[in-house]
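J.: Next comes the structure file upload12.csv, holding CSV, C-alpha atoms.
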chain,number,residue,atom,x,y,z
A,11,MET,CA,-23.8,-13.8,38.7
A,12,LYS,CA,-24.1,-10.7,36.5
A,13,LYS,CA,-20.5,-9.6,37.4
A,14,THR,CA,-19.2,-13.1,36.4
A,15,ILE,CA,-21.0,-13.0,33.0
A,16,ILE,CA,-19.5,-9.5,32.3
A,17,PHE,CA,-16.1,-10.6,33.4
A,18,PHE,CA,-16.1,-13.7,31.1
A,19,SER,CA,-17.5,-11.6,28.2
A,20,VAL,CA,-14.8,-9.0,28.5
A,21,LEU,CA,-12.2,-11.8,28.9
A,22,ILE,CA,-13.4,-13.6,25.7
A,23,LEU,CA,-13.6,-10.3,23.8
A,24,GLY,CA,-10.0,-9.5,24.8
A,25,ILE,CA,-8.7,-13.0,23.8
A,26,SER,CA,-10.6,-12.7,20.5
A,27,LEU,CA,-9.0,-9.3,19.7
A,28,VAL,CA,-5.5,-10.6,20.4
A,29,TYR,CA,-6.1,-13.7,18.3
A,30,PHE,CA,-7.6,-11.9,15.3
A,31,SER,CA,-5.0,-9.1,15.3
A,32,ASN,CA,-2.1,-11.6,15.3
A,33,SER,CA,-3.7,-13.8,12.7
A,34,CYS,CA,-4.0,-11.0,10.1
A,35,LYS,CA,-0.2,-10.5,9.9
A,36,LYS,CA,1.6,-11.6,6.8
A,37,ASP,CA,4.4,-14.1,7.0
A,38,THR,CA,7.7,-12.3,7.1
A,39,PHE,CA,11.1,-13.2,5.8
A,40,PRO,CA,14.5,-11.8,6.4
A,41,TYR,CA,14.4,-8.9,4.0
A,42,ASP,CA,17.4,-6.9,5.4
A,43,GLY,CA,15.5,-3.6,5.2
A,44,VAL,CA,14.3,-3.8,1.6
A,45,ASN,CA,11.1,-1.8,1.6
A,46,GLU,CA,10.3,-1.5,-2.1
A,47,PRO,CA,10.6,-3.8,-5.1
A,48,ILE,CA,13.8,-2.1,-6.4
A,49,SER,CA,16.0,-0.3,-3.9
A,50,PHE,CA,19.4,1.2,-4.3
A,51,TRP,CA,21.8,0.2,-1.5
A,52,TRP,CA,24.8,1.9,-3.1
A,53,PRO,CA,24.5,4.6,-4.0
A,54,ASP,CA,21.8,5.1,-1.5
A,55,THR,CA,20.1,7.8,-3.6
A,56,ASN,CA,18.7,7.9,-7.1
A,57,TRP,CA,20.5,11.0,-8.2
A,58,ILE,CA,24.3,11.3,-8.3
A,59,LYS,CA,27.1,13.2,-10.2
A,60,LEU,CA,29.9,11.6,-12.1
A,61,ARG,CA,32.4,12.5,-14.9
A,62,GLU,CA,32.5,11.1,-18.4
A,63,GLY,CA,34.3,7.7,-18.4
A,64,ASP,CA,33.7,7.0,-14.7
A,65,THR,CA,32.5,3.6,-13.8
A,66,ILE,CA,29.9,2.9,-11.2
A,67,THR,CA,28.9,-0.5,-9.7
A,68,PRO,CA,25.5,0.1,-8.0
A,69,THR,CA,24.2,-2.5,-5.5
A,70,ILE,CA,20.5,-3.1,-6.1
A,71,ARG,CA,18.2,-5.2,-4.0
A,72,LEU,CA,15.1,-6.7,-5.5
A,73,THR,CA,12.1,-8.2,-3.6
A,74,THR,CA,8.5,-8.9,-4.4
A,75,ASP,CA,5.7,-11.3,-3.1
A,76,ARG,CA,5.9,-13.2,-6.4
A,77,PRO,CA,8.9,-15.1,-8.0
A,78,ILE,CA,11.2,-12.7,-9.8
A,79,ASP,CA,11.6,-13.8,-13.5
A,80,SER,CA,14.2,-11.3,-14.7
A,81,PHE,CA,15.9,-7.9,-14.3
A,82,SER,CA,17.2,-5.6,-16.9
A,83,CYS,CA,19.1,-2.3,-17.1
A,84,MET,CA,18.9,0.2,-20.0
A,85,TYR,CA,20.3,3.7,-20.3
A,86,ASN,CA,19.5,6.9,-22.0
A,87,VAL,CA,21.6,10.1,-22.5
A,88,SER,CA,19.7,13.4,-22.8
A,89,SER,CA,19.9,16.9,-21.6
A,90,LYS,CA,19.0,18.0,-18.1
A,91,TYR,CA,16.0,19.8,-19.4
A,92,HIS,CA,14.5,16.9,-21.3
A,93,VAL,CA,11.3,15.5,-19.8
A,94,PHE,CA,12.3,11.8,-19.7
A,95,ASN,CA,9.7,9.1,-20.5
A,96,PRO,CA,11.1,5.5,-20.4
A,97,ALA,CA,8.3,4.2,-22.6
A,98,LEU,CA,8.9,6.7,-25.4
A,99,ASP,CA,12.6,7.7,-25.3
A,100,LEU,CA,15.3,5.7,-27.1
A,101,MET,CA,17.3,3.5,-24.7
A,102,SER,CA,20.3,1.2,-25.1
A,103,GLU,CA,20.5,-2.1,-23.2
A,104,VAL,CA,23.2,-2.6,-20.7
A,105,TYR,CA,22.3,-6.1,-19.4
A,106,THR,CA,19.5,-8.6,-18.7
A,107,LYS,CA,19.6,-11.2,-15.9
A,108,ARG,CA,17.3,-14.2,-15.5
A,109,PHE,CA,16.7,-15.6,-12.0
A,110,TYR,CA,15.6,-18.9,-10.6
A,111,PRO,CA,13.3,-17.9,-7.8
A,112,ASP,CA,14.5,-18.5,-4.3
A,113,THR,CA,12.3,-19.1,-1.2
A,114,ASN,CA,12.0,-15.5,-0.2
A,115,ASN,CA,12.1,-13.7,-3.6
A,116,LEU,CA,15.1,-11.6,-2.6
A,117,GLN,CA,17.9,-10.9,-5.1
A,118,THR,CA,21.0,-8.6,-5.2
A,119,VAL,CA,22.5,-7.3,-8.4
A,120,GLU,CA,25.9,-5.7,-8.8
A,121,GLU,CA,26.9,-4.9,-12.3
A,122,PRO,CA,29.3,-2.1,-13.4
A,123,PHE,CA,28.3,0.6,-15.8
A,124,GLN,CA,30.8,3.0,-17.5
A,125,ILE,CA,29.6,6.5,-18.4
A,126,PRO,CA,30.1,7.0,-22.1
A,127,ASN,CA,33.2,9.1,-22.9
A,128,ASP,CA,32.8,10.5,-26.3
A,129,THR,CA,32.2,13.8,-28.0
A,130,THR,CA,28.4,13.5,-27.8
A,131,ILE,CA,28.3,14.0,-24.1
A,132,VAL,CA,28.5,17.5,-22.6
A,133,LYS,CA,28.4,18.8,-19.1
A,134,THR,CA,24.6,19.6,-19.3
A,135,ASP,CA,23.8,16.0,-20.1
A,136,VAL,CA,22.1,13.4,-17.9
A,137,VAL,CA,22.6,9.6,-18.1
A,138,ARG,CA,19.5,7.7,-16.8
A,139,LEU,CA,19.9,4.1,-15.9
A,140,VAL,CA,16.4,2.5,-16.1
A,141,TYR,CA,16.2,-0.7,-14.0
A,142,THR,CA,13.2,-2.9,-14.7
A,143,MET,CA,12.2,-6.0,-12.7
A,144,TYR,CA,9.8,-8.6,-14.1
A,145,ALA,CA,7.9,-10.9,-11.8
A,146,ARG,CA,5.3,-13.6,-12.4
A,147,ASN,CA,1.7,-12.7,-13.4
A,148,ASN,CA,2.9,-9.8,-15.5
A,149,LEU,CA,4.2,-7.6,-12.6
A,150,THR,CA,6.7,-5.0,-13.7
A,151,TYR,CA,8.6,-2.5,-11.5
A,152,GLN,CA,10.9,0.3,-12.7
A,153,LYS,CA,13.3,2.6,-11.0
A,154,ILE,CA,15.6,5.2,-12.5
A,155,LEU,CA,19.1,6.2,-11.4
A,156,ARG,CA,19.9,9.7,-12.6
A,157,ILE,CA,23.6,10.5,-13.2
A,158,ASP,CA,24.4,14.2,-13.9
A,159,ILE,CA,27.6,14.8,-15.8
A,160,LYS,CA,29.9,17.2,-14.0
The structure in this file should be written as structure tokens.

T.:
Amino acid sequence: MKKTIIFFSVLILGISLVYFSNSCKKDTFPYDGVNEPISFWWPDTNWIKLREGDTITPTIRLTTDRPIDSFSCMYNVSSKYHVFNPALDLMSEVYTKRFYPDTNNLQTVEEPFQIPNDTTIVKTDVVRLVYTMYARNNLTYQKILRIDIK
């Protein structure tokens, strides 16, 4: 009798552990490997080298657990040795996109950007593309693509 009670107790405990461990998992959606709110798919790094006048068309994937409202890109040109702060430094707007939220909150953005080609840019300059995603409930995410001028 005692062995039967122990057996059923262990069996109930095991079933409970399996049930509770599976019930705590979040619902998943096909995110195609996106692990962060803003991720660069091409180029696959956040630091590249280009020449003045070159054009780049980055592929950016966006995801969040809330509906995505909008996405913007701004840029700043400064020297390599400048400590960059997106909240304080002067930036120029490249584009702003508004989204209608889809069921899994996954967006892809591909917009070209041409490196300025004028006398104000020298080989020690850096162009920083600041990408900002805005989601519902005042969530804001930022990621910076640094382009060294060669």

J.: Using only C-alpha atoms for the distances, tell me which of A:Ile16, A:Val93, A:Ile25, A:Leu116 is nearest to Arg76 (chain A).

T.: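 Under the stated criterion, the closest residue is A:Leu116.
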
J.: Please identify all polymer residues within 10 Å of Ala145 (chain A), counting only C-alpha atoms, omitting same-chain residues fewer than 2 positions from it, and present them as a PyMOL selection string.

T.: chain A and resi 73-81+109+111+115+143+147-151

J.: Return the single residue from A:Trp52, A:Phe17, A:Tyr85, A:Trp57 that is closest to Val140 (chain A), with distances computed using all atoms listed in the file.

T.: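 Using all atoms listed in the file, the shortest distance to Val140 (chain A) belongs to A:Tyr85.
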
J.: Out of A:Leu98, A:Met84, A:Val136, A:Ile159, which residue has the shortest atom-to-atom distance to Asp64 (chain A) when counting all atoms listed in the file?

T.: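 Using all atoms listed in the file, the shortest distance to Asp64 (chain A) belongs to A:Ile159.
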
J.: Would you list the residues near (17.0, 7.0, -6.8) (no more than 8 Å away, in the coordinates of the file, using all atoms listed in the file) as a ChimeraX atom specification?

T.: /A:49-50,54-57,153-156

J.: Between CA of Tyr91 (chain A) and CA of Lys59 (chain A), what distance in Å does the model show, to one decimal?

T.: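 Pair CA of Tyr91 (chain A) / CA of Lys59 (chain A) returns 15.9 Å.
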